[in-house]
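One file, entry-v6.txt, carrying compact mmCIF, C-alpha atoms:
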# COMPACT_ATOMS: atom_id res chain seq x y z
CA MET C 1264 -70.60 173.91 -25.04
CA ALA C 1265 -67.88 176.46 -25.76
CA ARG C 1266 -66.90 176.78 -22.11
CA PHE C 1267 -65.88 173.08 -22.08
CA ALA C 1268 -64.02 173.20 -25.42
CA TRP C 1269 -60.70 173.30 -23.56
CA TRP C 1270 -61.45 169.82 -22.17
CA LYS C 1271 -61.87 168.37 -25.66
CA GLU C 1272 -58.62 169.90 -26.87
CA ALA C 1273 -56.68 167.42 -24.74
CA SER C 1274 -55.99 163.86 -25.86
CA PRO C 1275 -57.81 160.84 -24.34
CA ASP C 1276 -54.54 159.87 -22.62
CA ALA C 1277 -54.34 163.34 -21.06
CA ARG C 1278 -57.90 163.10 -19.79
CA ARG C 1279 -57.24 159.67 -18.27
CA ALA C 1280 -54.09 161.04 -16.62
CA LEU C 1281 -56.19 163.86 -15.16
CA VAL C 1282 -58.75 161.39 -13.80
CA ALA C 1283 -56.00 159.26 -12.24
CA ALA C 1284 -54.28 162.20 -10.56
CA SER C 1285 -57.61 163.66 -9.41
CA PHE C 1286 -58.88 160.47 -7.83
CA GLY C 1287 -55.48 159.79 -6.29
CA TRP C 1288 -55.46 163.25 -4.71
CA MET C 1289 -59.09 162.95 -3.61
CA LEU C 1290 -58.42 159.62 -1.90
CA ASP C 1291 -55.21 161.03 -0.40
CA SER C 1292 -57.27 163.82 1.16
CA PHE C 1293 -59.91 161.34 2.29
CA ASP C 1294 -57.39 159.16 4.12
CA VAL C 1295 -55.38 162.00 5.65
CA MET C 1296 -58.36 164.05 6.84
CA LEU C 1297 -59.98 161.08 8.56
CA TRP C 1298 -57.48 161.90 11.32
CA ALA C 1299 -58.89 165.39 11.74
CA MET C 1300 -62.41 163.94 11.91
CA VAL C 1301 -61.66 161.53 14.76
CA VAL C 1302 -58.89 163.20 16.77
CA ALA C 1303 -61.29 164.69 19.35
CA LYS C 1304 -62.67 161.19 20.08
CA LEU C 1305 -59.29 159.48 19.85
CA MET C 1306 -57.55 161.78 22.35
CA PRO C 1307 -59.34 160.58 25.52
CA ASP C 1308 -59.11 156.92 24.44
CA LEU C 1309 -55.32 157.04 24.08
CA GLY C 1310 -54.71 159.70 26.71
CA LEU C 1311 -53.44 162.37 24.32
CA SER C 1312 -53.10 166.06 25.19
CA LYS C 1313 -53.59 168.76 22.53
CA PRO C 1314 -49.82 169.21 22.02
CA ALA C 1315 -49.34 165.42 21.75
CA ALA C 1316 -52.16 165.11 19.22
CA GLY C 1317 -50.64 168.02 17.32
CA MET C 1318 -47.27 166.27 17.38
CA LEU C 1319 -48.79 163.18 15.72
CA GLY C 1320 -50.20 165.44 13.01
CA SER C 1321 -46.77 167.01 12.62
CA LEU C 1322 -45.12 163.59 12.32
CA THR C 1323 -47.46 162.74 9.45
CA LEU C 1324 -46.61 165.96 7.63
CA ALA C 1325 -42.87 165.49 8.18
CA ALA C 1326 -43.12 161.96 6.80
CA SER C 1327 -45.12 163.26 3.83
CA ALA C 1328 -42.25 165.62 3.06
CA VAL C 1329 -39.81 162.71 2.98
CA GLY C 1330 -42.27 160.71 0.88
CA GLY C 1331 -42.58 163.56 -1.58
CA LEU C 1332 -38.83 163.72 -2.04
CA ILE C 1333 -38.50 159.94 -2.46
CA PHE C 1334 -41.42 159.57 -4.86
CA GLY C 1335 -40.41 162.66 -6.83
CA VAL C 1336 -37.07 161.03 -7.63
CA ALA C 1337 -38.83 157.71 -8.30
CA ALA C 1338 -41.29 159.38 -10.70
CA ASP C 1339 -38.42 160.92 -12.71
CA ARG C 1340 -36.52 157.64 -12.82
CA PHE C 1341 -39.20 154.95 -13.11
CA GLY C 1342 -42.23 156.85 -14.39
CA ARG C 1343 -45.10 158.96 -13.13
CA ARG C 1344 -47.67 156.13 -13.27
CA LYS C 1345 -45.67 153.64 -11.18
CA ALA C 1346 -44.88 156.23 -8.52
CA LEU C 1347 -48.55 157.26 -8.36
CA MET C 1348 -49.71 153.66 -7.86
CA ALA C 1349 -47.13 152.93 -5.15
CA SER C 1350 -47.99 156.05 -3.17
CA ILE C 1351 -51.74 155.29 -3.20
CA LEU C 1352 -51.11 151.72 -2.08
CA ILE C 1353 -48.96 152.84 0.86
CA TYR C 1354 -51.25 155.54 2.25
CA SER C 1355 -54.33 153.30 1.95
CA VAL C 1356 -52.85 150.33 3.79
CA PHE C 1357 -51.46 152.39 6.64
CA THR C 1358 -54.62 154.44 7.10
CA ALA C 1359 -56.47 151.19 7.77
CA ALA C 1360 -53.63 150.07 10.04
CA CYS C 1361 -54.28 153.11 12.28
CA GLY C 1362 -57.52 151.41 13.31
CA PHE C 1363 -55.49 148.63 14.95
CA ALA C 1364 -53.33 150.97 17.04
CA THR C 1365 -53.30 150.11 20.75
CA GLY C 1366 -51.00 152.90 21.88
CA VAL C 1367 -49.44 156.18 20.90
CA ALA C 1368 -46.16 154.65 19.66
CA MET C 1369 -47.94 152.20 17.34
CA LEU C 1370 -50.20 154.95 16.02
CA ALA C 1371 -47.18 157.18 15.39
CA VAL C 1372 -45.48 154.47 13.30
CA PHE C 1373 -48.61 153.97 11.18
CA ARG C 1374 -49.03 157.74 10.71
CA ILE C 1375 -45.42 158.04 9.55
CA PHE C 1376 -45.86 155.39 6.85
CA LEU C 1377 -49.19 156.93 5.84
CA GLY C 1378 -47.38 160.25 5.44
CA LEU C 1379 -44.76 158.71 3.15
CA GLY C 1380 -47.47 157.61 0.71
CA MET C 1381 -49.42 160.84 1.07
CA GLY C 1382 -46.42 162.96 0.12
CA GLY C 1383 -45.60 160.82 -2.90
CA GLU C 1384 -48.99 161.15 -4.58
CA TRP C 1385 -48.84 164.88 -5.28
CA ALA C 1386 -45.41 164.98 -6.95
CA SER C 1387 -46.16 162.11 -9.34
CA GLY C 1388 -49.73 163.22 -10.08
CA ALA C 1389 -48.81 166.87 -10.71
CA ALA C 1390 -46.03 165.88 -13.11
CA LEU C 1391 -48.34 163.43 -14.91
CA VAL C 1392 -50.96 166.11 -15.59
CA SER C 1393 -48.53 168.95 -16.32
CA GLU C 1394 -46.80 166.93 -19.03
CA THR C 1395 -49.95 165.76 -20.81
CA TRP C 1396 -52.03 168.96 -21.00
CA PRO C 1397 -51.58 171.95 -23.36
CA ALA C 1398 -49.85 174.99 -21.82
CA GLU C 1399 -52.89 177.25 -22.23
CA HIS C 1400 -55.06 174.85 -20.21
CA ARG C 1401 -52.51 173.60 -17.68
CA GLY C 1402 -53.88 175.76 -14.86
CA LYS C 1403 -57.46 174.57 -15.44
CA ALA C 1404 -56.42 170.90 -15.51
CA LEU C 1405 -54.42 171.20 -12.32
CA GLY C 1406 -57.35 173.10 -10.81
CA ILE C 1407 -59.50 170.02 -11.32
CA VAL C 1408 -56.82 167.86 -9.70
CA GLN C 1409 -56.52 170.17 -6.69
CA SER C 1410 -60.31 170.51 -6.36
CA SER C 1411 -60.56 166.79 -5.72
CA TRP C 1412 -58.89 167.41 -2.34
CA ALA C 1413 -62.06 169.20 -1.22
CA VAL C 1414 -64.16 166.25 -2.39
CA GLY C 1415 -61.99 163.86 -0.38
CA TYR C 1416 -62.15 166.12 2.68
CA ALA C 1417 -65.96 166.26 2.45
CA ALA C 1418 -66.11 162.48 1.99
CA ALA C 1419 -64.02 162.03 5.14
CA ALA C 1420 -66.45 164.24 7.06
CA ALA C 1421 -69.43 162.27 5.71
CA VAL C 1422 -67.85 158.91 6.58
CA ALA C 1423 -67.04 160.16 10.08
CA ALA C 1424 -70.65 161.30 10.56
CA LEU C 1425 -71.94 157.85 9.55
CA VAL C 1426 -69.30 155.53 10.98
CA LEU C 1427 -68.00 157.30 14.12
CA PRO C 1428 -71.24 157.04 16.16
CA VAL C 1429 -71.60 153.32 15.34
CA TRP C 1430 -68.10 151.80 15.12
CA GLY C 1431 -65.98 154.52 16.70
CA TRP C 1432 -62.71 156.02 15.48
CA ARG C 1433 -61.21 152.62 14.63
CA GLY C 1434 -64.01 151.88 12.19
CA VAL C 1435 -63.44 155.25 10.50
CA PHE C 1436 -59.80 154.37 9.83
CA PHE C 1437 -60.72 150.93 8.43
CA VAL C 1438 -62.73 152.64 5.67
CA GLY C 1439 -59.45 154.24 4.54
CA VAL C 1440 -58.30 151.05 2.81
CA ILE C 1441 -60.74 151.64 -0.09
CA PRO C 1442 -58.26 153.55 -2.33
CA VAL C 1443 -56.18 150.37 -2.76
CA PHE C 1444 -58.61 149.19 -5.42
CA PHE C 1445 -58.15 152.34 -7.52
CA THR C 1446 -54.57 151.35 -8.34
CA LEU C 1447 -55.91 148.51 -10.52
CA TRP C 1448 -57.62 151.03 -12.83
CA ILE C 1449 -54.47 153.15 -13.08
CA GLN C 1450 -52.40 150.10 -14.01
CA ARG C 1451 -54.76 149.20 -16.86
CA LYS C 1452 -55.76 152.60 -18.25
CA VAL C 1453 -53.08 155.23 -17.67
CA LYS C 1454 -49.97 155.71 -19.83
CA GLU C 1455 -46.72 157.50 -19.12
CA PRO C 1456 -46.55 161.01 -20.70
CA GLU C 1457 -44.81 161.07 -24.08
CA LEU C 1458 -42.81 164.09 -22.91
CA TRP C 1459 -41.31 162.03 -20.08
CA THR C 1460 -40.74 158.99 -22.32
CA ARG C 1461 -38.87 161.06 -24.92
CA ALA C 1462 -36.86 162.91 -22.28
CA ARG C 1463 -35.97 159.62 -20.60
CA ALA C 1464 -34.72 158.17 -23.88
CA ALA C 1465 -32.81 161.32 -24.81
CA SER C 1466 -31.07 161.50 -21.44
CA ALA C 1467 -29.88 157.87 -21.45
CA GLY C 1468 -26.26 157.98 -20.38
CA VAL C 1469 -26.44 161.72 -19.63
CA ARG C 1470 -26.30 162.85 -16.02
CA THR C 1471 -28.98 165.31 -14.93
CA GLY C 1472 -29.93 166.02 -11.39
CA PHE C 1473 -29.86 168.45 -8.51
CA GLY C 1474 -27.77 170.98 -10.40
CA GLU C 1475 -30.89 171.84 -12.42
CA ILE C 1476 -32.68 172.61 -9.15
CA PHE C 1477 -29.97 174.05 -6.89
CA GLY C 1478 -27.48 175.34 -9.46
CA ARG C 1479 -26.71 179.02 -9.99
CA LYS C 1480 -29.45 179.36 -12.61
CA ARG C 1481 -32.35 178.45 -10.28
CA LEU C 1482 -31.12 178.38 -6.67
CA ARG C 1483 -32.61 181.74 -5.62
CA LEU C 1484 -35.91 180.90 -7.28
CA THR C 1485 -36.00 177.44 -5.68
CA ILE C 1486 -35.55 179.03 -2.25
CA PHE C 1487 -38.31 181.61 -2.76
CA VAL C 1488 -40.77 179.04 -4.12
CA THR C 1489 -40.05 176.60 -1.30
CA VAL C 1490 -40.37 179.16 1.51
CA MET C 1491 -43.51 180.64 -0.04
CA ASN C 1492 -45.06 177.18 -0.16
CA ALA C 1493 -43.97 176.47 3.42
CA CYS C 1494 -45.87 179.54 4.63
CA THR C 1495 -49.05 178.56 2.77
CA MET C 1496 -48.84 175.02 4.13
CA PHE C 1497 -48.22 176.22 7.67
CA GLY C 1498 -51.44 178.17 7.45
CA TRP C 1499 -53.47 175.43 5.76
CA TRP C 1500 -52.44 172.49 7.94
CA GLY C 1501 -52.43 174.51 11.14
CA PHE C 1502 -56.05 175.45 10.50
CA ASN C 1503 -57.52 172.36 8.87
CA LEU C 1504 -56.02 169.64 11.06
CA TRP C 1505 -57.43 171.41 14.15
CA LEU C 1506 -60.69 172.76 12.72
CA PRO C 1507 -62.93 169.70 13.41
CA ALA C 1508 -61.53 169.38 16.95
CA TYR C 1509 -62.00 173.13 17.53
CA LEU C 1510 -65.61 172.91 16.42
CA SER C 1511 -66.27 169.76 18.50
CA MET C 1512 -64.52 170.60 21.78
CA ALA C 1513 -66.58 171.99 24.63
CA PRO C 1514 -66.41 175.78 25.25
CA GLU C 1515 -64.54 175.24 28.52
CA GLN C 1516 -61.82 173.50 26.47
CA GLY C 1517 -61.62 176.46 24.08
CA GLY C 1518 -63.86 174.99 21.37
CA ILE C 1519 -67.30 175.80 19.96
CA GLY C 1520 -69.10 172.73 21.34
CA LEU C 1521 -70.89 171.54 18.20
CA ARG C 1522 -72.39 168.07 18.11
CA PRO C 1523 -70.66 165.57 15.75
CA TRP C 1524 -73.33 165.88 13.05
CA ALA C 1525 -73.16 169.70 13.15
CA MET C 1526 -69.35 169.67 13.00
CA SER C 1527 -69.43 167.34 9.98
CA ALA C 1528 -72.10 169.47 8.29
CA LEU C 1529 -70.05 172.65 8.74
CA VAL C 1530 -66.88 170.99 7.43
CA ILE C 1531 -68.74 169.58 4.42
CA PHE C 1532 -70.27 173.00 3.74
CA MET C 1533 -66.80 174.55 3.81
CA GLN C 1534 -65.63 172.09 1.17
CA ALA C 1535 -68.02 173.67 -1.32
CA GLY C 1536 -66.01 176.88 -0.96
CA MET C 1537 -62.74 174.97 -1.11
CA TRP C 1538 -63.76 173.15 -4.30
CA LEU C 1539 -64.85 176.39 -5.96
CA GLY C 1540 -61.58 178.03 -4.89
CA TYR C 1541 -59.51 175.31 -6.52
CA ILE C 1542 -61.48 175.38 -9.77
CA THR C 1543 -61.72 179.16 -9.94
CA PHE C 1544 -58.03 179.69 -9.32
CA GLY C 1545 -57.15 177.51 -12.31
CA PHE C 1546 -59.20 179.67 -14.68
CA ILE C 1547 -58.05 182.93 -13.08
CA SER C 1548 -54.36 182.00 -13.21
CA ASP C 1549 -54.61 180.95 -16.86
CA ARG C 1550 -56.13 184.39 -17.58
CA LEU C 1551 -54.34 186.79 -15.18
CA GLY C 1552 -51.17 184.86 -14.45
CA ARG C 1553 -49.79 182.87 -11.52
CA LYS C 1554 -48.41 185.80 -9.49
CA ARG C 1555 -51.41 188.14 -9.38
CA SER C 1556 -53.77 185.25 -8.68
CA TYR C 1557 -51.64 183.86 -5.85
CA VAL C 1558 -51.12 187.19 -4.09
CA GLY C 1559 -54.79 188.14 -4.33
CA PHE C 1560 -55.96 184.85 -2.86
CA LEU C 1561 -53.40 184.89 -0.03
CA VAL C 1562 -54.21 188.42 1.10
CA ALA C 1563 -57.92 187.62 1.08
CA ALA C 1564 -57.22 184.39 3.02
CA ALA C 1565 -55.46 186.38 5.75
CA ALA C 1566 -58.38 188.81 6.02
CA PHE C 1567 -61.02 186.09 6.33
CA MET C 1568 -58.86 184.16 8.79
CA LEU C 1569 -58.76 187.21 11.05
CA LEU C 1570 -62.55 187.44 10.89
CA TYR C 1571 -62.83 183.74 11.71
CA SER C 1572 -60.58 184.20 14.75
CA ARG C 1573 -63.05 186.70 16.24
CA THR C 1574 -66.20 184.62 15.60
CA ARG C 1575 -67.75 182.05 17.95
CA GLU C 1576 -71.37 182.13 16.86
CA PRO C 1577 -72.09 178.85 14.95
CA LEU C 1578 -74.28 180.51 12.28
CA LEU C 1579 -71.58 183.08 11.53
CA LEU C 1580 -68.98 180.29 11.34
CA PHE C 1581 -71.20 178.57 8.76
CA ALA C 1582 -71.38 181.80 6.77
CA LEU C 1583 -67.63 182.53 6.94
CA GLY C 1584 -66.45 178.95 6.42
CA PRO C 1585 -66.77 178.74 2.61
CA PHE C 1586 -64.94 182.06 2.16
CA VAL C 1587 -62.09 180.96 4.42
CA ALA C 1588 -61.85 177.72 2.46
CA PHE C 1589 -62.16 179.43 -0.95
CA PHE C 1590 -59.28 181.86 -0.48
CA GLY C 1591 -57.31 179.84 2.08
CA THR C 1592 -56.98 176.84 -0.22
CA GLY C 1593 -57.62 177.75 -3.87
CA TYR C 1594 -54.08 179.04 -4.47
CA PHE C 1595 -52.67 175.49 -4.20
CA THR C 1596 -53.96 174.93 -7.74
CA GLY C 1597 -51.21 177.19 -9.05
CA PHE C 1598 -48.28 175.40 -7.46
CA GLY C 1599 -48.14 172.45 -9.85
CA ALA C 1600 -48.28 174.73 -12.88
CA LEU C 1601 -45.71 177.15 -11.45
CA THR C 1602 -43.11 174.48 -10.72
CA ALA C 1603 -43.78 172.60 -13.96
CA GLU C 1604 -43.05 175.82 -15.86
CA ILE C 1605 -39.81 176.46 -13.95
CA TYR C 1606 -38.02 173.08 -14.09
CA PRO C 1607 -37.08 170.80 -17.04
CA THR C 1608 -38.67 167.37 -17.64
CA SER C 1609 -35.63 165.38 -16.48
CA VAL C 1610 -36.00 166.69 -12.91
CA ARG C 1611 -39.56 168.01 -12.91
CA ALA C 1612 -41.11 165.55 -10.45
CA THR C 1613 -38.01 165.70 -8.25
CA ALA C 1614 -38.15 169.51 -8.20
CA GLN C 1615 -41.87 169.50 -7.51
CA GLY C 1616 -41.32 166.98 -4.75
CA ILE C 1617 -38.57 169.10 -3.19
CA THR C 1618 -40.24 172.51 -3.39
CA TYR C 1619 -43.62 171.17 -2.26
CA ASN C 1620 -42.40 168.81 0.44
CA ALA C 1621 -39.53 170.82 1.84
CA GLY C 1622 -42.31 173.29 2.52
CA ARG C 1623 -44.17 170.50 4.26
CA ILE C 1624 -41.18 169.87 6.54
CA VAL C 1625 -41.46 173.44 7.79
CA SER C 1626 -45.25 173.28 7.92
CA ALA C 1627 -45.05 170.06 9.93
CA ALA C 1628 -44.56 172.32 12.94
CA ALA C 1629 -48.02 173.83 12.37
CA PRO C 1630 -50.25 171.21 14.06
CA PHE C 1631 -47.98 171.14 17.11
CA ALA C 1632 -47.65 174.94 17.19
CA VAL C 1633 -51.40 175.50 16.88
CA GLY C 1634 -52.14 172.83 19.49
CA SER C 1635 -49.62 174.36 21.91
CA LEU C 1636 -50.87 177.92 21.33
CA ALA C 1637 -54.47 176.76 21.70
CA GLU C 1638 -53.54 175.20 25.04
CA THR C 1639 -51.90 178.38 26.38
CA ARG C 1640 -53.40 181.32 24.45
CA GLY C 1641 -56.60 179.91 22.92
CA PHE C 1642 -57.61 179.03 19.37
CA SER C 1643 -58.32 182.65 18.44
CA PHE C 1644 -54.67 183.59 18.90
CA SER C 1645 -53.62 180.51 16.89
CA PHE C 1646 -55.80 181.66 13.98
CA VAL C 1647 -54.14 185.09 14.01
CA VAL C 1648 -50.75 183.37 13.63
CA ILE C 1649 -52.17 181.45 10.66
CA ALA C 1650 -53.30 184.73 9.04
CA ALA C 1651 -49.75 186.07 9.45
CA ALA C 1652 -48.41 183.00 7.61
CA PHE C 1653 -50.69 183.75 4.64
CA LEU C 1654 -49.45 187.35 4.49
CA ALA C 1655 -45.82 186.19 4.61
CA ALA C 1656 -46.48 183.87 1.67
CA ALA C 1657 -47.96 186.75 -0.34
CA ALA C 1658 -44.90 188.93 0.36
CA LEU C 1659 -42.51 186.20 -0.87
CA TRP C 1660 -43.95 186.48 -4.37
CA ALA C 1661 -41.72 189.54 -4.76
CA GLY C 1662 -38.96 187.04 -5.59
CA ILE C 1663 -40.96 184.77 -7.94
CA PRO C 1664 -41.44 185.67 -11.65
CA GLU C 1665 -44.54 185.18 -13.76
CA THR C 1666 -44.49 181.80 -15.62
CA LYS C 1667 -47.94 181.73 -17.21
CA GLY C 1668 -48.07 180.03 -20.63
CA GLN C 1669 -44.45 178.94 -20.76
CA PRO C 1670 -43.87 175.76 -22.79
CA LEU C 1671 -42.35 172.95 -20.75
CA GLU C 1672 -38.60 172.40 -21.16
Could you write out this structure as structure tokens?
Amino acid sequence: MARFAWWKEASPDARRALVAASFGWMLDSFDVMLWAMVVAKLMPDLGLSKPAAGMLGSLTLAASAVGGLIFGVAADRFGRRKALMASILIYSVFTAACGFATGVAMLAVFRIFLGLGMGGEWASGAALVSETWPAEHRGKALGIVQSSWAVGYAAAAAVAALVLPVWGWRGVFFVGVIPVFFTLWIQRKVKEPELWTRARAASAGVRTGFGEIFGRKRLRLTIFVTVMNACTMFGWWGFNLWLPAYLSMAPEQGGIGLRPWAMSALVIFMQAGMWLGYITFGFISDRLGRKRSYVGFLVAAAAFMLLYSRTREPLLLFALGPFVAFFGTGYFTGFGALTAEIYPTSVRATAQGITYNAGRIVSAAAPFAVGSLAETRGFSFSFVVIAAAFLAAAALWAGIPETKGQPLE
């Protein structure tokens, strides 16, 4: 079919790279979002308050920022494939380890190491796909990668619905070790991008580094891209790490009071909107450009978030959920393409790791902030703050140029 001709224009190596990055990102989402699925049950067992539970979520995000920086440098130096495999191995092992936690301190240590692996996967996977796909289809390819996050999120909700009532929150975490086995396929089937291999050979003995990212040529742009991404992540993590708990908690605790199966069903239903948002954004940004697509999605995300903040009727939440997820997540598809088109191959993964994960450092405050605001002002007020973060991200695009279709340096 003509609509899938773009897929066939890529080489078999490019398609395998896309599969590897997509499954890595899907399993990353699966492992990370298991926390959101079980936190309401875990809190009374370990004696956690909402702010304390939010702090554990923030620790994971802060660690993921550090992991993104480390693995971005590793991907530029040792290769995209090796960095991708190492990150998947780390987040899988430490997700399962969370099931053995006997106290808050032990759980915090495991969540920190999980975050290191989680942060590393995106930088290496985004560089791998960006460097193997044609410029005119880069947005679509990265849209597929990003859409796999929604699949992983939905899988986490499904696993929680099946495992949580039988084996409890510890059993849910044990399932998170499954992604370890995917690294074997990557090792056998995925090759390093030729663009990276040639750049690595050409730069032997030549020093390249942070000057390409923070030098006079790109410093202002690096700052705008990083802060814009921080605002989007503040909104996304602040909402999504608390959403299952908000839906599950009793009304007297500020929640909706849904039963576990209903909460999981609503979250899974939302992932349909999230998946469509990711995929759609890739096609839209390849047609209209990165800037117009990003701003449109972010403004719409703020509007739907405000509607969500005023709604407590379960049926209306079901109706609004896919729209919140569509616009409040789809824009992430554009970030890999945007940063790939700004920075040269020698520092591409490092730059993507910095701009993506420095944003995560700022957004790490989101789970704690939302938990604290929910404790004192209620979840509705927290959701208004999240809408403001989306609007701030849209405004920051005033300092970011259009990069659509640019060949990679």
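Comparing the minimum interatomic distances between C:Pro1630 and each of C:Gly1498, C:Gly1599, C:Pro1428, C:Gly1335, counting all atoms listed in the file, we find that C:Gly1498 sits nearest.
Our summary of the geometry notes that atom CA of C:Asn1620 is positioned 15.1 Å from atom CA of C:Trp1288.
Distance annotation: of C:Val1302, C:Phe1502, C:Thr1358, C:Val1647, the residue with the minimal separation from C:Ile1375 is C:Thr1358; atom set is all atoms listed in the file.
Nearest residue to C:Phe1376, choosing from C:Ala1325, C:Gly1545, C:Gly1520, C:Pro1585 and counting all atoms listed in the file: C:Ala1325.
Using only C-alpha atoms, the residues found no farther than 9 Å from C:Val1301, other than those of its own chain fewer than 5 positions away, are Met1296, Met1306, Ala1423, Leu1427, Gly1431, Trp1432, Arg1433, Val1435, Phe1436, Pro1507 and Ala1508 of chain C.
Atom CA of C:Leu1290 is positioned 22.3 Å from atom CA of C:Pro1456.
Using all atoms listed in the file, the smallest distance between any of C:Asp1308, C:Glu1457, C:Glu1515, C:Glu1399 and C:Ile1547 comes from C:Glu1399.
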Quiz item: So how many Å separate atom CA of C:Asp1291 and atom CA of C:Val1633, to one decimal?
Solution: 22.9 Å
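With distances restricted to all atoms listed in the file, C:Ala1303 is the closest residue to C:Ala1513 from C:Leu1579, C:Met1289, C:Ala1303, C:Ala1326.
Taking only C-alpha atoms into account, C:Thr1543 lies nearest to C:Gln1409 out of the set C:Ser1609, C:Gln1409, C:Ser1511, C:Gln1516.
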Quiz item: Within 12 Å of stretch 1562-1578 of chain C, counting only C-alpha atoms, which residues qualify if same-chain residues fewer than 6 places away don't, as number ranges by chain?
Solution: C: 1494-1495, 1498-1499, 1501-1503, 1506, 1509-1511, 1514, 1517-1522, 1525-1526, 1528-1529, 1537, 1540, 1555-1556, 1584-1594, 1637, 1641-1658, 1660
